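upload-v8.txt (compact mmCIF, C-alpha atoms and all ligand atoms)
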# COMPACT_ATOMS: atom_id res chain seq x y z
CA MET B 1 173.40 124.47 149.46
CA GLU B 2 172.62 121.36 151.48
CA HIS B 3 168.94 120.78 152.15
CA ILE B 4 168.04 119.87 155.70
CA GLY B 5 164.83 118.52 157.21
CA LEU B 6 163.66 118.07 160.77
CA THR B 7 162.22 115.20 162.79
CA ALA B 8 160.24 115.43 166.02
CA LYS B 9 160.06 112.24 168.02
CA ASP B 10 157.70 111.72 170.95
CA LEU B 11 157.60 115.45 171.58
CA SER B 12 155.47 116.43 174.57
CA VAL B 13 154.94 119.88 176.04
CA HIS B 14 153.46 120.72 179.45
CA TYR B 15 152.51 124.10 180.89
CA GLY B 16 152.86 123.32 184.57
CA ASP B 17 150.96 120.04 184.94
CA ARG B 18 148.77 120.59 181.89
CA PRO B 19 149.74 118.73 178.73
CA ALA B 20 149.47 120.83 175.54
CA VAL B 21 151.30 118.51 173.13
CA LYS B 22 151.29 114.74 173.63
CA LYS B 23 154.02 112.54 172.18
CA VAL B 24 153.96 113.99 168.70
CA SER B 25 156.24 112.40 166.11
CA LEU B 26 156.49 114.14 162.73
CA ASP B 27 159.02 114.27 159.91
CA PHE B 28 159.48 117.51 157.99
CA ALA B 29 161.23 117.07 154.67
CA ALA B 30 163.62 119.52 153.08
CA LYS B 31 162.19 121.52 150.18
CA GLN B 32 158.65 120.88 151.32
CA VAL B 33 155.97 122.91 153.03
CA THR B 34 154.17 121.17 155.88
CA ALA B 35 150.98 122.71 157.25
CA LEU B 36 149.84 122.21 160.84
CA ILE B 37 146.07 122.55 161.12
CA GLY B 38 143.50 121.96 163.85
CA PRO B 39 141.04 123.75 166.10
CA SER B 40 142.04 126.57 168.41
CA GLY B 41 143.96 125.41 171.46
CA CYS B 42 144.98 122.03 170.05
CA GLY B 43 148.70 122.77 170.50
CA LYS B 44 149.88 123.75 167.00
CA SER B 45 151.73 126.91 168.04
CA THR B 46 153.13 125.27 171.15
CA PHE B 47 154.49 122.44 169.02
CA LEU B 48 155.90 124.86 166.43
CA ARG B 49 157.63 126.98 169.08
CA SER B 50 159.25 123.86 170.52
CA LEU B 51 161.01 123.17 167.24
CA ASN B 52 163.45 126.06 167.69
CA ARG B 53 163.36 126.02 171.49
CA MET B 54 161.27 129.19 171.79
CA ASN B 55 159.30 127.54 174.60
CA ASP B 56 162.49 127.69 176.68
CA LEU B 57 161.56 131.35 177.18
CA ILE B 58 158.19 130.53 178.76
CA PRO B 59 158.36 129.90 182.50
CA ASN B 60 156.67 126.69 183.58
CA CYS B 61 156.83 125.20 180.09
CA LYS B 62 158.51 121.81 179.82
CA VAL B 63 159.38 120.12 176.55
CA THR B 64 160.33 116.45 176.47
CA GLY B 65 161.19 114.19 173.56
CA GLU B 66 163.59 114.56 170.68
CA ILE B 67 164.05 116.96 167.78
CA TRP B 68 166.55 115.74 165.24
CA ILE B 69 168.42 117.77 162.66
CA ARG B 70 170.90 115.60 160.81
CA ASP B 71 172.42 113.47 163.58
CA LYS B 72 171.85 115.90 166.42
CA ASN B 73 169.02 115.95 168.94
CA ILE B 74 168.62 119.69 169.46
CA ASN B 75 166.26 119.25 172.40
CA SER B 76 169.21 118.64 174.68
CA PRO B 77 170.77 120.96 177.26
CA SER B 78 174.07 121.13 175.34
CA THR B 79 172.44 122.82 172.31
CA ASP B 80 173.51 126.41 171.68
CA VAL B 81 170.05 127.92 171.22
CA VAL B 82 171.29 131.15 169.65
CA SER B 83 172.93 129.38 166.74
CA LEU B 84 170.02 126.94 166.64
CA ARG B 85 167.62 129.83 166.04
CA GLN B 86 169.89 131.02 163.25
CA LYS B 87 169.38 127.64 161.57
CA ILE B 88 165.66 127.46 162.38
CA GLY B 89 164.03 130.82 161.76
CA MET B 90 160.60 131.91 162.97
CA VAL B 91 158.04 134.21 161.37
CA TRP B 92 155.23 135.26 163.71
CA GLN B 93 151.57 136.00 163.18
CA ARG B 94 152.04 139.76 163.50
CA PRO B 95 154.95 141.31 161.66
CA ASN B 96 157.50 142.40 164.25
CA PRO B 97 160.21 144.44 162.53
CA PHE B 98 162.79 146.12 164.76
CA HIS B 99 162.38 149.88 165.24
CA LYS B 100 165.21 150.42 162.80
CA SER B 101 165.73 151.05 159.10
CA ILE B 102 164.83 148.45 156.48
CA TYR B 103 168.57 147.89 155.91
CA GLU B 104 169.32 147.46 159.60
CA ASN B 105 166.48 144.98 160.07
CA ILE B 106 168.20 142.66 157.61
CA ALA B 107 171.84 143.42 158.47
CA PHE B 108 171.35 142.98 162.23
CA GLY B 109 171.40 139.17 162.28
CA PRO B 110 174.38 138.61 159.96
CA ARG B 111 176.31 141.34 161.82
CA TYR B 112 175.49 139.69 165.15
CA HIS B 113 176.83 136.43 163.75
CA GLY B 114 180.14 138.09 162.82
CA ILE B 115 179.82 139.62 159.35
CA LYS B 116 181.20 143.17 159.59
CA ASN B 117 182.23 143.93 156.02
CA LYS B 118 179.92 146.59 154.55
CA LYS B 119 180.00 145.17 151.02
CA ALA B 120 179.14 141.69 152.28
CA LEU B 121 176.27 143.10 154.35
CA ASP B 122 175.00 145.13 151.38
CA GLU B 123 174.96 141.95 149.32
CA ILE B 124 173.10 139.99 152.02
CA VAL B 125 170.51 142.78 152.38
CA GLU B 126 169.92 142.88 148.63
CA GLN B 127 169.73 139.10 148.20
CA SER B 128 167.46 138.62 151.21
CA LEU B 129 165.07 141.34 150.06
CA LYS B 130 165.07 139.86 146.56
CA LYS B 131 164.28 136.39 147.89
CA ALA B 132 161.45 137.88 149.95
CA ALA B 133 160.10 139.68 146.86
CA LEU B 134 160.57 143.05 148.53
CA TRP B 135 163.64 144.48 146.78
CA GLU B 136 161.86 146.42 144.06
CA GLU B 137 159.60 148.12 146.60
CA THR B 138 162.39 149.05 149.01
CA LYS B 139 165.67 149.46 147.12
CA ASP B 140 165.33 153.26 147.02
CA ARG B 141 164.48 153.63 150.69
CA LEU B 142 166.64 151.17 152.55
CA ASN B 143 167.45 153.75 155.21
CA ASN B 144 163.80 154.53 155.96
CA SER B 145 162.15 153.09 159.02
CA ALA B 146 160.79 149.58 158.59
CA LEU B 147 157.72 150.72 160.50
CA ALA B 148 156.71 152.90 157.55
CA LEU B 149 156.10 149.78 155.44
CA SER B 150 152.62 148.30 155.07
CA GLY B 151 151.69 145.25 157.17
CA GLY B 152 152.23 142.90 154.22
CA GLN B 153 155.58 144.50 153.40
CA GLN B 154 156.61 144.28 157.05
CA GLN B 155 155.82 140.57 157.04
CA ARG B 156 157.94 140.07 153.90
CA LEU B 157 160.68 142.07 155.63
CA CYS B 158 160.47 139.68 158.60
CA ILE B 159 160.81 136.77 156.18
CA ALA B 160 163.81 138.51 154.57
CA ARG B 161 165.28 139.00 158.04
CA SER B 162 165.02 135.30 158.79
CA ILE B 163 166.53 134.37 155.41
CA ALA B 164 169.48 136.73 155.97
CA VAL B 165 171.09 134.46 158.56
CA LYS B 166 170.94 131.48 156.17
CA PRO B 167 168.54 129.16 157.96
CA ASP B 168 167.79 125.60 156.90
CA ILE B 169 164.27 125.62 158.24
CA ILE B 170 161.64 128.37 158.49
CA LEU B 171 158.78 128.09 160.96
CA MET B 172 155.73 130.28 160.31
CA ASP B 173 152.93 130.81 162.81
CA GLU B 174 149.89 132.02 160.86
CA PRO B 175 152.09 134.40 158.85
CA ALA B 176 149.23 135.87 156.81
CA SER B 177 146.38 135.95 159.29
CA ALA B 178 146.84 139.67 160.05
CA LEU B 179 147.05 140.62 156.37
CA ASP B 180 144.64 141.64 153.61
CA PRO B 181 143.93 139.23 150.70
CA VAL B 182 146.46 140.80 148.31
CA SER B 183 149.27 140.70 150.89
CA THR B 184 148.19 137.17 151.82
CA SER B 185 148.54 135.95 148.27
CA LYS B 186 151.98 137.59 148.04
CA ILE B 187 153.06 135.70 151.17
CA GLU B 188 151.68 132.46 149.71
CA GLU B 189 153.61 133.02 146.45
CA LEU B 190 156.69 133.70 148.50
CA ILE B 191 156.26 130.47 150.47
CA ALA B 192 155.98 128.53 147.19
CA ASP B 193 159.20 130.18 146.04
CA LEU B 194 161.11 129.68 149.29
CA LYS B 195 160.38 125.98 149.47
CA ARG B 196 162.90 125.43 146.67
CA ASP B 197 165.58 126.21 149.26
CA TYR B 198 164.10 125.56 152.69
CA CYS B 199 162.08 123.21 154.82
CA ILE B 200 158.99 125.20 155.82
CA VAL B 201 156.51 124.41 158.60
CA ILE B 202 153.45 126.63 158.75
CA VAL B 203 150.59 126.85 161.23
CA THR B 204 147.41 128.05 159.56
CA HIS B 205 143.72 128.32 160.38
CA ASN B 206 142.93 128.84 156.75
CA MET B 207 142.06 125.52 155.11
CA GLN B 208 142.32 126.93 151.59
CA GLN B 209 145.72 128.29 152.43
CA ALA B 210 146.90 124.91 153.74
CA ALA B 211 145.58 123.27 150.56
CA ARG B 212 147.26 125.88 148.34
CA VAL B 213 150.71 126.13 149.91
CA SER B 214 151.55 122.83 151.56
CA ASP B 215 152.81 119.47 150.36
CA LYS B 216 151.94 117.66 153.58
CA THR B 217 149.46 118.42 156.32
CA ALA B 218 149.27 117.34 159.95
CA PHE B 219 145.89 117.56 161.65
CA PHE B 220 146.20 118.24 165.39
CA LEU B 221 143.46 117.60 167.95
CA THR B 222 143.80 118.07 171.72
CA GLY B 223 147.59 117.95 171.57
CA GLU B 224 147.86 114.88 169.37
CA VAL B 225 148.39 114.35 165.68
CA MET B 226 145.27 112.64 164.38
CA GLU B 227 146.43 112.33 160.82
CA TYR B 228 149.52 113.22 158.78
CA ASP B 229 149.59 112.75 155.05
CA LEU B 230 150.02 114.41 151.68
CA THR B 231 147.88 117.55 151.70
CA GLN B 232 145.88 116.28 148.76
CA ASN B 233 144.94 113.13 150.68
CA ILE B 234 144.02 115.04 153.82
CA PHE B 235 141.67 117.30 151.91
CA THR B 236 140.19 114.82 149.46
CA ASN B 237 140.33 111.51 151.25
CA PRO B 238 140.93 111.86 155.00
CA GLN B 239 141.21 108.58 156.87
CA ARG B 240 139.81 109.80 160.19
CA GLN B 241 136.31 111.03 160.88
CA GLU B 242 137.71 113.85 163.05
CA THR B 243 139.84 115.13 160.16
CA SER B 244 136.88 115.03 157.82
CA ASP B 245 134.68 116.85 160.34
CA TYR B 246 137.29 119.56 160.83
CA ILE B 247 138.11 120.25 157.20
CA THR B 248 134.44 120.37 156.27
CA GLY B 249 133.88 122.95 159.00
CA ARG B 250 131.79 120.82 161.37
CA PHE B 251 133.88 122.05 164.31
CA GLY B 252 136.86 124.26 165.10
N1 LIG H 1 152.17 130.50 177.67
C1 LIG H 1 151.22 129.60 178.01
N2 LIG H 1 150.99 129.30 179.31
C2 LIG H 1 150.06 128.38 179.68
N3 LIG H 1 149.29 127.69 178.80
C3 LIG H 1 149.46 127.96 177.49
C4 LIG H 1 150.44 128.91 177.03
N4 LIG H 1 150.38 128.96 175.68
C5 LIG H 1 149.43 128.06 175.31
N5 LIG H 1 148.89 127.46 176.40
C6 LIG H 1 147.83 126.43 176.40
O1 LIG H 1 148.29 125.33 175.62
C7 LIG H 1 147.23 124.81 174.82
C8 LIG H 1 147.64 124.84 173.36
O2 LIG H 1 147.76 126.20 172.95
P1 LIG H 1 148.36 126.63 171.53
O3 LIG H 1 148.41 128.12 171.50
O4 LIG H 1 149.59 125.87 171.28
O5 LIG H 1 147.22 126.08 170.56
P2 LIG H 1 146.95 126.42 169.04
O6 LIG H 1 146.45 125.18 168.42
O7 LIG H 1 148.13 127.06 168.43
O8 LIG H 1 145.76 127.47 169.17
P3 LIG H 1 145.36 128.70 168.22
O9 LIG H 1 145.00 128.09 166.92
O10 LIG H 1 144.19 129.31 168.92
O11 LIG H 1 146.55 129.61 168.14
C9 LIG H 1 146.00 125.65 175.13
O12 LIG H 1 145.24 124.98 176.10
C10 LIG H 1 146.58 126.92 175.70
O13 LIG H 1 145.70 127.52 176.61
Could you render the structure as structure tokens?
Amino acid sequence: MEHIGLTAKDLSVHYGDRPAVKKVSLDFAAKQVTALIGPSGCGKSTFLRSLNRMNDLIPNCKVTGEIWIRDKNINSPSTDVVSLRQKIGMVWQRPNPFHKSIYENIAFGPRYHGIKNKKALDEIVEQSLKKAALWEETKDRLNNSALALSGGQQQRLCIARSIAVKPDIILMDEPASALDPVSTSKIEELIADLKRDYCIVIVTHNMQQAARVSDKTAFFLTGEVMEYDLTQNIFTNPQRQETSDYITGRFG
């Protein structure tokens, strides 16, 4: 498996005339977790959604700048966004399984992308659930509704669903903020596991979580990146006063 990273260059996002992200340049390495932190409204989710062109779906939202994967700028009109979103998966704040069985939640994507063979789909479902640490809990009820799972299980199912289409990069927007502490720690363990294979970018409000799961951290403020460094440096020796004020809880 080839390991792929992502580079944003001078990425700006406007809602109408209002800037939400201002010329952000960040490099996300393969096999690393990068956390995006910062106070509410500073543009973290907007930036994250731009990375797999989800903002295309929002009327009045304009994204300029470059997003490079290998030698391709995917923020260009010629990009096939459906296959792009196969390569860059997204896990949302609230688990959003389809109103279908556990099996069908996982098999849907691969089938959509052309895999019809039942044995191959069975294998993908099993492997994806195993990678998402959900196989043992679900292997005897794959045909049950996904909605009967707990919130934490549903979120792991959504992660399994994104893995099933073999992405290179997984974007996560506060994936544990709607979950209890036990489910949260399971998601954090899963993130640590998944980073062996994927480039992961995660938005989180939880400073301890950023410190626990990420290798690098970008601190956003009013649409700009104030500081980007190894997570350890951000939390123990920030270079900017604003970063220090934020991580010590003086604002945000
Ligand atoms: N769909 C939208 N239409 C118009 N403005 C929006 C939209 N989504 C976000 N914004 C604005 O863009 C700015 C950045 O919002 P965004 O949600 O990206 O911030 P955030 O840092 O992720 O915040 P939070 O931590 O509260 O989720 C805010 O001023 C917000 O009001």
Worksheet entry | Given 7 Å and only C-alpha atoms and all ligand atoms, residues near ligand LIG 1 (chain H) as a PyMOL selection string | chain B and resi 15+20+38-47+58+205
Worksheet entry | Proximity to Gln93 in chain B - best of B:Lys9, B:Lys186, B:Arg156, B:Lys139, all atoms listed in the file |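 That would be B:Arg156, the residue with the smallest distance to Gln93 in chain B.
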Fill in: Counting only C-alpha atoms, the residue of B:Thr222, B:Thr34, B:Ser50, B:Gln127 that sits nearest Ala192 in chain B
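Closest candidate: B:Thr34.
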Response to the item:
If you count only C-alpha atoms, the residue of B:Lys87, B:Lys131, B:Arg18, B:Arg53 closest to Ile170 in chain B turns out to be B:Lys87
Fill in: For CA of Ala29 in chain B and CA of Met226 in chain B, the interatomic separation in Å (one decimal)
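According to the coordinates, CA of Ala29 in chain B and CA of Met226 in chain B are separated by 19.2 Å.
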Discussion item. Show me, as a PyMOL selection string, the residues that have an atom within 12 Å of Lys72 in chain B when counting only C-alpha atoms, minus same-chain residues fewer than 6 positions from it.
Written reply: chain B and resi 5-8+66+78-80+84
Item to complete: Rank nothing, just name the residue among B:Arg141, B:Arg250, B:Arg49, B:Lys195 nearest to Ile163 in chain B, using only C-alpha atoms.
Response: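 Answer, going by the shortest atom-to-atom distance: B:Lys195.
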Fill in: Distance criterion (all atoms listed in the file): nearest to Asp197 in chain B out of B:Val125, B:Ile169, B:Leu134, B:Ala146
B:Ile169
Item to complete: Give me, please, the distance in Å between CA of Ser12 in chain B and CA of Asp27 in chain B, quoted to one decimal.
Response: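 Computing it gives 15.2 Å between the two atoms.
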Discussion item. Need to verify the contact set: Ile88 in chain B, 8 Å, all atoms listed in the file, exclusion of same-chain residues closer than 6 positions in sequence. Can you return it as a PyMOL selection string?
Written reply: chain B and resi 51-52+167-171
Fill in: Shell of 8 Å around range 96-101 of chain B, all atoms listed in the file, local chain residues under 6 positions omitted, as a ChimeraX atom specification
/B:142-147,154-155,157-158
Selected residues, C-alpha atoms, written as an mmCIF file, keeping the file's coordinate frame, please.
data_model
loop_
_atom_site.group_PDB
_atom_site.id
_atom_site.type_symbol
_atom_site.label_atom_id
_atom_site.label_comp_id
_atom_site.auth_asym_id
_atom_site.auth_seq_id
_atom_site.Cartn_x
_atom_site.Cartn_y
_atom_site.Cartn_z
ATOM 1 C CA LEU B 142 166.640 151.170 152.550
ATOM 2 C CA ASN B 143 167.450 153.750 155.210
ATOM 3 C CA ASN B 144 163.800 154.530 155.960
ATOM 4 C CA SER B 145 162.150 153.090 159.020
ATOM 5 C CA ALA B 146 160.790 149.580 158.590
ATOM 6 C CA LEU B 147 157.720 150.720 160.500
ATOM 7 C CA GLN B 154 156.610 144.280 157.050
ATOM 8 C CA GLN B 155 155.820 140.570 157.040
ATOM 9 C CA LEU B 157 160.680 142.070 155.630
ATOM 10 C CA CYS B 158 160.470 139.680 158.600
#
Item to complete: Between CA of Pro110 in chain B and CA of Val91 in chain B, measure the distance and give it in Å to one decimal.
Response: 17.0 Å
Item to complete: Take the point (167.6, 131.4, 172.4) in the file's coordinates, draw a sphere of radius 7 Å around it, and report as an MDAnalysis selection string every protein, DNA or RNA residue with an atom inside or on it, counting all atoms listed in the file.
Response: chainID B and resid 53:54 81:82 85
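Distances here use all atoms listed in the file; by that measure, the residue among B:Ser177, B:Ile200, B:Ser25, B:Thr138 closest to Ile4 in chain B is B:Ile200.
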Closest pair table for range 149-202 of chain B residues within 12 Å of range 216-221 of chain B, all atoms listed in the file, as JSON lines:
{"residue": "B:Cys199", "atom": "CA", "partner": "B:Lys216", "partner_atom": "CA", "distance": 11.6}
{"residue": "B:Ile200", "atom": "CA", "partner": "B:Lys216", "partner_atom": "CA", "distance": 10.6}
{"residue": "B:Val201", "atom": "CA", "partner": "B:Thr217", "partner_atom": "CA", "distance": 9.5}
{"residue": "B:Ile202", "atom": "CA", "partner": "B:Thr217", "partner_atom": "CA", "distance": 9.4}
Got a sec: who's within 8 Å of Ala210 in chain B, counting all atoms listed in the file, leaving out chain neighbours fewer than 6 positions off, as a PDB file with C-alpha atoms, in the coordinates of the input?
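Saved as out.pdb:
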ATOM      1  CA  ALA B  35     150.980 122.710 157.250  1.00  0.00           C
ATOM      2  CA  ILE B  37     146.070 122.550 161.120  1.00  0.00           C
ATOM      3  CA  THR B 204     147.410 128.050 159.560  1.00  0.00           C
ATOM      4  CA  THR B 217     149.460 118.420 156.320  1.00  0.00           C
ATOM      5  CA  THR B 231     147.880 117.550 151.700  1.00  0.00           C
TER       6      THR B 231
END
